[in-house]
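Beneath this line is the structure, given in C-alpha cells, with notes to follow.
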Amino acid sequence: MNLWRGLLGVAMIAVLALVGFLASSCSTLVKQRAVLSPPDIEGATFVGNTVCGECHTNYTRMFHDSPHARLNISGVKVPGGIGCESCHGPGSRHVQHGGGRGVFIVNPGMSSEACFSCHTETHAEFRLPQHHPVIEQQMNCVQCHDPHGTDIHKTAGGHAFARLNESCAECHREQSRMVIFEHEALREGCVTCHAPHGSINDKLLVQRDNNLCLKCHAQVQTSPGEIFIGNTPHTAFLQRGTCWTSGCHTAVHGSNVDSKLRY
Ligand code: HEC
Ligand code: HEC
Ligand code: HEC
Ligand code: HEC
Ligand code: HEC
Ligand code: HEC
Ligand code: HEC
C-alpha cells in the first residue's frame, strides 16, 4: 500500500513537472509576442481592478471576459498585474483626485502608445510601407478592437459587428457590399488576402503575386506547358500579370455582372 502511494506520488510529481514545463514554455511564447510593460504615470502606484470598479462598474463587469483579463502568463511578472492598469497606467493619483478626464490616467483611445508598450510586433507592422494610418493618428486600435468586451476582434462601442468582415465594412463599403456574383473567398474574411495592420505589399495584400489566389485555386498541369485553373486553360493568361491586374479578374471582391469576376 505504502509502495503504491509512493509510486503515485512520483507519478504526480512527474505530471506536475510536465505541467510546469508546458506552462513555462507557453509563457515564453507569450513573452516573444508581447512585452509586458504598462504605461507609466509619475508618482502613481497600482491600486487594482476593485478600486476602479467603485466608479467604473460597467467596465469592470464586462472586462471579466476580455482576453486581456484572462491572460495566462505564469512565470511572467507584470507590474500591477493583469488588469485595468496594464493599459491605463497605475491609478492611485487618478483615484485620489476623485477621477476625471485627463486626470492622471492614460486613455489609449487617444493614442495607441499604451498598446504599443506591450505589442511591439504590432507596432512594427504599422511601420511597414503600406499600413492603416494608426501611427499618423488618423485611426486607432479601438476602431477594430474592443479592449474591454468579450470579443476583442469586435469594434469598440458595442455595435453588433459580430464578424471581422463587418468591422472592415464599417469603412470599406465598396468591397463589402452585396453582389450577385459573390466571391466565396470573402466568406473566410478580408484577412485571408489583406494584412489588417500593415504589409510590404500594395493594398495591404498578404502576397504580391498569383500565390495570393493559388492557395485556394489549384493550378493543374495536364500536359507539358498546359496549365489549367478552374478547368480553364490559363497558360497564355498567366503571362499577362497577376490574376487581378491583368484585366482578367478585376472584381476580386465580387461582381454584379460577371460570374468570372472580370468586372
Ligand atoms: C472615485 C471614482 C473613480 C475611481 C475610483 C476611478 N475613476 Fe476613472 N474616472 C472617474 C471619473 C468621474 C471620470 C470622468 C468620466 C467622464 O467624464 O465621463 C474618470 C475617467 C476615467 C478615464 C477616461 C480618462 C480620459 O482622459 O478620457 C479612464 C481611462 C479611467 N477613468 C480609468 C480608471 C481606472 C483604470 C481606474 C482604476 C485604477 C479608475 N479610473 C478609477 C472616476 C473614477
Ligand atoms: C487592453 C487595454 C485596456 C484594458 C486592460 C482596459 N482598458 Fe479601459 N480603455 C482602453 C481603451 C483603448 C480605451 C478607449 C476606448 C475608446 O475610445 O473607445 C479605454 C477607455 C476606458 C474608459 C473611458 C471611456 C470613455 O468614456 O472615454 C474607462 C473609464 C476605462 N477604459 C476603464 C477601464 C477599466 C475600469 C478597466 C478594467 C476593468 C479597463 N478600462 C481595462 C483600453 C483598456
Ligand atoms: C500589459 C501588456 C499589454 C497591453 C498594454 C496591451 N496588451 Fe494586448 N495582449 C497582451 C498579451 C500578453 C496578449 C496575449 C499574447 C499575444 O497575443 O501577444 C495580448 C493579446 C491581444 C490581442 C489578441 C487577442 C486574441 O485573443 O486574439 C489583441 C487584439 C490585443 N492584445 C490588443 C490590444 C490593444 C488594442 C491594446 C491597447 C488598447 C492592448 N492590446 C494592450 C498584452 C498587452
Ligand atoms: C483595420 C483594423 C485594425 C486596426 C486599426 C488594428 N487591428 Fe489589430 N487586428 C486586426 C485584425 C482583423 C486582426 C486579426 C488578424 C488575423 O486573424 O489574422 C488583428 C489582430 C491583432 C492582434 C493579434 C496578433 C496578430 O497580429 O494577429 C494584436 C495583438 C493586435 N491586433 C493588436 C492591435 C493594436 C495594438 C492595434 C493598434 C495599435 C491594432 N491591433 C489595430 C485589425 C486591426
Ligand atoms: C475606421 C475605418 C477603417 C476600418 C475599420 C478599416 N479600414 Fe482599411 N483603411 C482605412 C483608411 C483610412 C485607409 C487608408 C486610405 C488611404 O490611405 O487612402 C485604409 C486602407 C485600406 C487598404 C488599402 C487601400 C489602398 O488603396 O491602398 C486596405 C486593403 C484596407 N484598408 C483593408 C481593410 C481591412 C481588411 C479592414 C478590416 C480588417 C479594414 N481595412 C478596416 C480605414 C479603415
Ligand atoms: C481573395 C482575396 C481578397 C479578399 C478576400 C479581399 N480582398 Fe480586398 N483586394 C484584393 C486584391 C487582389 C486587391 C487589389 C485590387 C487591385 O489592385 O486592383 C484588393 C483591394 C482592396 C482595397 C483597395 C481598393 C480597391 O478596391 O482596389 C480595399 C479597400 C480592400 N481590398 C478591402 C477589402 C475588404 C474590406 C475585404 C473584406 C470584405 C477584402 N478586401 C477582401 C483581394 C482580396
Ligand atoms: C480563401 C480561398 C480563396 C482565395 C484566396 C481566392 N479564392 Fe477565388 N474562389 C474561392 C471559392 C471557394 C470560389 C467558388 C468555388 C470555385 O469556383 O472554385 C471562388 C471562385 C472564384 C472565381 C469564379 C470561378 C468560376 O468559375 O465561377 C474566380 C474568377 C476567382 N475565384 C478568382 C480569384 C482570384 C483572382 C483570387 C486572388 C485575388 C482568388 N480567387 C482567391 C476561394 C478563394
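In the C-alpha cells, the first chain shown is A, the next is B, and so on; residue numbers restart at 1 for each chain, and ligands run from 1 in the order shown.
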Within 6 Å of ligand 2, which residues of chain A show up? Give each one with its shortest atom-to-atom distance in Å (one decimal) and the two atoms involved, counting only C-alpha atoms and all ligand atoms, rows by chain then rising residue number, as JSON lines.
```
{"residue": "A:Asn49", "atom": "CA", "partner": "ligand 2", "partner_atom_place_in_ligand_line": "38 (C)", "distance": 5.7}
{"residue": "A:Cys52", "atom": "CA", "partner": "ligand 2", "partner_atom_place_in_ligand_line": "35 (C)", "distance": 5.0}
{"residue": "A:Gly53", "atom": "CA", "partner": "ligand 2", "partner_atom_place_in_ligand_line": "35 (C)", "distance": 5.8}
{"residue": "A:His56", "atom": "CA", "partner": "ligand 2", "partner_atom_place_in_ligand_line": "35 (C)", "distance": 5.2}
{"residue": "A:Tyr59", "atom": "CA", "partner": "ligand 2", "partner_atom_place_in_ligand_line": "35 (C)", "distance": 4.9}
{"residue": "A:Thr60", "atom": "CA", "partner": "ligand 2", "partner_atom_place_in_ligand_line": "38 (C)", "distance": 3.6}
{"residue": "A:Phe63", "atom": "CA", "partner": "ligand 2", "partner_atom_place_in_ligand_line": "38 (C)", "distance": 5.0}
{"residue": "A:His68", "atom": "CA", "partner": "ligand 2", "partner_atom_place_in_ligand_line": "5 (C)", "distance": 5.7}
{"residue": "A:Gly83", "atom": "CA", "partner": "ligand 2", "partner_atom_place_in_ligand_line": "5 (C)", "distance": 5.1}
{"residue": "A:Cys84", "atom": "CA", "partner": "ligand 2", "partner_atom_place_in_ligand_line": "37 (C)", "distance": 3.3}
{"residue": "A:Ser86", "atom": "CA", "partner": "ligand 2", "partner_atom_place_in_ligand_line": "5 (C)", "distance": 5.7}
{"residue": "A:Cys87", "atom": "CA", "partner": "ligand 2", "partner_atom_place_in_ligand_line": "2 (C)", "distance": 4.3}
{"residue": "A:Asn107", "atom": "CA", "partner": "ligand 2", "partner_atom_place_in_ligand_line": "13 (C)", "distance": 5.5}
{"residue": "A:Pro108", "atom": "CA", "partner": "ligand 2", "partner_atom_place_in_ligand_line": "12 (C)", "distance": 4.3}
{"residue": "A:Gly109", "atom": "CA", "partner": "ligand 2", "partner_atom_place_in_ligand_line": "14 (C)", "distance": 3.5}
{"residue": "A:Val142", "atom": "CA", "partner": "ligand 2", "partner_atom_place_in_ligand_line": "12 (C)", "distance": 5.7}
{"residue": "A:Pro147", "atom": "CA", "partner": "ligand 2", "partner_atom_place_in_ligand_line": "1 (C)", "distance": 4.6}
{"residue": "A:His148", "atom": "CA", "partner": "ligand 2", "partner_atom_place_in_ligand_line": "6 (C)", "distance": 5.6}
{"residue": "A:Ala156", "atom": "CA", "partner": "ligand 2", "partner_atom_place_in_ligand_line": "18 (O)", "distance": 5.4}
```
Would you put the residues from that selection into a file with N, CA and C atoms, as a PDB file, in the first residue's frame?
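Saved as out12.pdb:
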```
ATOM      1  N   ASN A  49      -8.036  46.345  -9.824  1.00  0.00           N
ATOM      2  CA  ASN A  49      -9.331  46.485 -10.507  1.00  0.00           C
ATOM      3  C   ASN A  49     -10.499  46.835  -9.596  1.00  0.00           C
ATOM      4  N   CYS A  52     -11.011  50.527  -9.231  1.00  0.00           N
ATOM      5  CA  CYS A  52     -11.564  51.130 -10.454  1.00  0.00           C
ATOM      6  C   CYS A  52     -13.065  50.848 -10.521  1.00  0.00           C
ATOM      7  N   GLY A  53     -13.422  49.651 -10.075  1.00  0.00           N
ATOM      8  CA  GLY A  53     -14.812  49.209 -10.139  1.00  0.00           C
ATOM      9  C   GLY A  53     -15.759  50.047  -9.294  1.00  0.00           C
ATOM     10  N   HIS A  56     -16.258  52.770 -12.039  1.00  0.00           N
ATOM     11  CA  HIS A  56     -16.452  52.330 -13.428  1.00  0.00           C
ATOM     12  C   HIS A  56     -17.004  50.907 -13.465  1.00  0.00           C
ATOM     13  N   TYR A  59     -17.410  48.939 -16.873  1.00  0.00           N
ATOM     14  CA  TYR A  59     -16.212  48.372 -17.490  1.00  0.00           C
ATOM     15  C   TYR A  59     -15.696  47.164 -16.713  1.00  0.00           C
ATOM     16  N   THR A  60     -15.677  47.296 -15.386  1.00  0.00           N
ATOM     17  CA  THR A  60     -15.152  46.201 -14.578  1.00  0.00           C
ATOM     18  C   THR A  60     -15.982  44.950 -14.798  1.00  0.00           C
ATOM     19  N   PHE A  63     -15.262  43.529 -18.355  1.00  0.00           N
ATOM     20  CA  PHE A  63     -13.842  43.211 -18.576  1.00  0.00           C
ATOM     21  C   PHE A  63     -13.503  41.763 -18.245  1.00  0.00           C
ATOM     22  N   HIS A  68      -7.721  40.075 -22.356  1.00  0.00           N
ATOM     23  CA  HIS A  68      -6.690  40.678 -21.512  1.00  0.00           C
ATOM     24  C   HIS A  68      -6.884  40.365 -20.042  1.00  0.00           C
ATOM     25  N   GLY A  83      -4.702  43.770 -15.630  1.00  0.00           N
ATOM     26  CA  GLY A  83      -5.981  44.402 -15.329  1.00  0.00           C
ATOM     27  C   GLY A  83      -6.068  45.768 -15.951  1.00  0.00           C
ATOM     28  N   CYS A  84      -6.983  46.559 -15.429  1.00  0.00           N
ATOM     29  CA  CYS A  84      -7.246  47.895 -15.974  1.00  0.00           C
ATOM     30  C   CYS A  84      -5.959  48.693 -16.128  1.00  0.00           C
ATOM     31  N   SER A  86      -2.972  47.832 -16.611  1.00  0.00           N
ATOM     32  CA  SER A  86      -1.967  47.420 -17.596  1.00  0.00           C
ATOM     33  C   SER A  86      -2.092  48.283 -18.852  1.00  0.00           C
ATOM     34  N   CYS A  87      -3.269  48.835 -19.102  1.00  0.00           N
ATOM     35  CA  CYS A  87      -3.420  49.749 -20.246  1.00  0.00           C
ATOM     36  C   CYS A  87      -3.550  51.202 -19.808  1.00  0.00           C
ATOM     37  N   ASN A 107      -5.559  57.350 -21.496  1.00  0.00           N
ATOM     38  CA  ASN A 107      -6.675  56.875 -22.317  1.00  0.00           C
ATOM     39  C   ASN A 107      -6.131  56.424 -23.670  1.00  0.00           C
ATOM     40  N   PRO A 108      -5.954  55.104 -23.857  1.00  0.00           N
ATOM     41  CA  PRO A 108      -5.348  54.624 -25.109  1.00  0.00           C
ATOM     42  C   PRO A 108      -6.241  54.862 -26.314  1.00  0.00           C
ATOM     43  N   GLY A 109      -7.458  55.345 -26.090  1.00  0.00           N
ATOM     44  CA  GLY A 109      -8.317  55.719 -27.205  1.00  0.00           C
ATOM     45  C   GLY A 109      -7.793  56.981 -27.888  1.00  0.00           C
ATOM     46  N   VAL A 142      -8.975  50.868 -31.397  1.00  0.00           N
ATOM     47  CA  VAL A 142     -10.345  50.553 -30.969  1.00  0.00           C
ATOM     48  C   VAL A 142     -11.361  50.637 -32.105  1.00  0.00           C
ATOM     49  N   PRO A 147     -11.360  46.831 -26.447  1.00  0.00           N
ATOM     50  CA  PRO A 147     -10.401  46.467 -25.402  1.00  0.00           C
ATOM     51  C   PRO A 147     -11.038  45.856 -24.151  1.00  0.00           C
ATOM     52  N   HIS A 148     -12.319  46.137 -23.905  1.00  0.00           N
ATOM     53  CA  HIS A 148     -12.918  45.695 -22.631  1.00  0.00           C
ATOM     54  C   HIS A 148     -13.803  44.466 -22.751  1.00  0.00           C
ATOM     55  N   ALA A 156     -14.943  48.611 -30.812  1.00  0.00           N
ATOM     56  CA  ALA A 156     -15.423  49.168 -29.551  1.00  0.00           C
ATOM     57  C   ALA A 156     -16.680  49.999 -29.798  1.00  0.00           C
TER      58      ALA A 156
END
```
* Could I get the residue neighbourhood of ligand 6 at 9 Å, counting only C-alpha atoms and all ligand atoms, as a ChimeraX atom specification? => /A:164-177,183-194,202-205,207-209,212-213,216,242-245,249-253
* To do: Pick out the residues sitting within 7 Å of Ser66 in chain A, and hand them over as a PyMOL selection string; count only C-alpha atoms, and ignore anything fewer than 2 positions along from it in its own chain.
  => chain A and resi 63-64+68-70+148-152
* Report the distance between atom 11 (C, counted along the ligand's line) of ligand 7 and CA of His234 in chain A in Å, rounded to one decimal place. => 17.2 Å
* Test item: residues lying within 6 Å of ligand 1 with only C-alpha atoms and all ligand atoms, as JSON, numbers by chain -> {"A": [47, 49, 51, 52, 54, 55, 84, 85, 88, 91, 95, 98, 99, 100, 101, 102, 105, 106, 107]}
For the selection you just gave me, I'd like the residues written to a file as a CSV table (one decimal), in the first residue's frame, keeping N, CA and C atoms.
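Listed below is the output, selection_19.csv:
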```csv
chain,number,residue,atom,x,y,z
A,47,VAL,N,-3.4,50.3,-7.9
A,47,VAL,CA,-4.4,50.1,-6.9
A,47,VAL,C,-5.3,48.8,-7.1
A,49,ASN,N,-8.0,46.3,-9.8
A,49,ASN,CA,-9.3,46.5,-10.5
A,49,ASN,C,-10.5,46.8,-9.6
A,51,VAL,N,-10.7,48.7,-7.1
A,51,VAL,CA,-10.9,50.2,-6.8
A,51,VAL,C,-11.5,50.9,-8.0
A,52,CYS,N,-11.0,50.5,-9.2
A,52,CYS,CA,-11.6,51.1,-10.5
A,52,CYS,C,-13.1,50.8,-10.5
A,54,GLU,N,-15.2,50.7,-8.3
A,54,GLU,CA,-16.1,51.6,-7.5
A,54,GLU,C,-16.8,52.7,-8.3
A,55,CYS,N,-16.1,53.1,-9.3
A,55,CYS,CA,-16.7,54.2,-10.1
A,55,CYS,C,-17.0,53.8,-11.6
A,84,CYS,N,-7.0,46.6,-15.4
A,84,CYS,CA,-7.2,47.9,-16.0
A,84,CYS,C,-6.0,48.7,-16.1
A,85,GLU,N,-5.1,48.6,-15.1
A,85,GLU,CA,-4.0,49.5,-15.1
A,85,GLU,C,-2.9,49.0,-16.0
A,88,HIS,N,-4.1,51.4,-18.6
A,88,HIS,CA,-4.4,52.8,-18.2
A,88,HIS,C,-3.4,53.4,-17.3
A,91,GLY,N,-3.1,53.8,-11.1
A,91,GLY,CA,-4.3,54.7,-10.9
A,91,GLY,C,-4.4,55.4,-9.6
A,95,VAL,N,-7.4,58.2,-8.6
A,95,VAL,CA,-8.4,57.9,-7.6
A,95,VAL,C,-8.4,59.0,-6.5
A,98,GLY,N,-10.3,61.9,-7.2
A,98,GLY,CA,-11.8,61.6,-7.5
A,98,GLY,C,-12.0,61.3,-9.0
A,99,GLY,N,-11.0,61.0,-9.7
A,99,GLY,CA,-11.2,60.6,-11.1
A,99,GLY,C,-11.4,61.8,-12.0
A,100,GLY,N,-11.8,61.6,-13.3
A,100,GLY,CA,-12.0,62.7,-14.2
A,100,GLY,C,-11.2,62.5,-15.5
A,101,ARG,N,-11.7,63.1,-16.5
A,101,ARG,CA,-10.9,63.1,-17.8
A,101,ARG,C,-9.6,63.8,-17.7
A,102,GLY,N,-8.6,63.2,-18.3
A,102,GLY,CA,-7.3,63.8,-18.3
A,102,GLY,C,-6.6,63.9,-16.9
A,105,ILE,N,-4.5,59.7,-15.7
A,105,ILE,CA,-4.8,58.4,-16.3
A,105,ILE,C,-4.6,58.4,-17.8
A,106,VAL,N,-4.1,57.2,-18.3
A,106,VAL,CA,-3.9,57.1,-19.7
A,106,VAL,C,-5.2,56.7,-20.4
A,107,ASN,N,-5.6,57.3,-21.5
A,107,ASN,CA,-6.7,56.9,-22.3
A,107,ASN,C,-6.1,56.4,-23.7
```
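Considering only C-alpha atoms and all ligand atoms, the residues that reside within 7 Å of ligand 4 can be listed as Ser112, Cys115, Phe116, His119, Thr122, His123, His132, Val134, Met139, Asn140, Cys141, Val142, Gln143, Cys144, His145, His153, Leu164, Cys168, Val191, Pro196 and His197 of chain A.
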* To do: Once DSSP has gone over the backbone, tell me which residues of range 58-240 of chain A are in strand (DSSP E), as a PyMOL selection string.
  => chain A and resi 130-131+198-199+219-221+227-229+232-233
* Write out as a ChimeraX atom specification all residues of range 54-144 of chain A that DSSP puts in helix (DSSP H, G or I) for this structure's backbone. => /A:54-55,57-63,67-69,84-88,92-96,113-116,120-125,141-143
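Among A:Asn210, A:Gln219, A:Asn256, A:Ser111, the residue with the shortest atom-to-atom distance to ligand 7, counting only C-alpha atoms and all ligand atoms, is A:Asn210.
Of the listed residues (A:Lys215, A:His131, A:His97, A:Lys260), A:His131 comes nearest to ligand 5; the distances count only C-alpha atoms and all ligand atoms.
Comparing the minimum interatomic distances between ligand 5 and each of A:Cys248, A:Leu214, A:Ala195, A:Val206, counting only C-alpha atoms and all ligand atoms, we find that A:Ala195 sits nearest.
Relative to CA of Leu261 in chain A, atom 30 (C, counted along the ligand's line) of ligand 7 is found at 6.4 Å.
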* Pick from A:Gly43, A:Arg240, A:Ile180, A:Pro224, whichever lies nearest to Asp258 in chain A using only C-alpha atoms -> A:Ile180
* Fewer than 4 positions away in the same chain doesn't count, so skip those; otherwise give me all residues within 7 Å of range 128-130 of chain A, counting only C-alpha atoms, as a PyMOL selection string. => chain A and resi 124+198-202+204
Taking N, CA and C atoms for each residue, export the selection above as an mmCIF file, in the first residue's frame.
```
data_model
loop_
_atom_site.group_PDB
_atom_site.id
_atom_site.type_symbol
_atom_site.label_atom_id
_atom_site.label_comp_id
_atom_site.auth_asym_id
_atom_site.auth_seq_id
_atom_site.Cartn_x
_atom_site.Cartn_y
_atom_site.Cartn_z
ATOM 1 N N ALA A 124 5.620 47.275 -35.110
ATOM 2 C CA ALA A 124 6.452 47.106 -36.292
ATOM 3 C C ALA A 124 5.594 46.963 -37.549
ATOM 4 N N GLY A 198 -0.538 46.119 -41.429
ATOM 5 C CA GLY A 198 0.358 46.673 -42.425
ATOM 6 C C GLY A 198 1.009 45.573 -43.232
ATOM 7 N N SER A 199 1.606 45.944 -44.353
ATOM 8 C CA SER A 199 2.215 44.960 -45.237
ATOM 9 C C SER A 199 3.283 45.645 -46.086
ATOM 10 N N ILE A 200 4.203 44.842 -46.615
ATOM 11 C CA ILE A 200 5.162 45.425 -47.545
ATOM 12 C C ILE A 200 4.533 45.545 -48.931
ATOM 13 N N ASN A 201 3.395 44.867 -49.138
ATOM 14 C CA ASN A 201 2.764 44.863 -50.458
ATOM 15 C C ASN A 201 1.692 45.939 -50.587
ATOM 16 N N ASP A 202 1.499 46.400 -51.812
ATOM 17 C CA ASP A 202 0.424 47.320 -52.137
ATOM 18 C C ASP A 202 -0.910 46.796 -51.648
ATOM 19 N N LEU A 204 -2.164 46.421 -48.938
ATOM 20 C CA LEU A 204 -2.075 45.578 -47.734
ATOM 21 C C LEU A 204 -2.225 44.089 -48.044
#
```
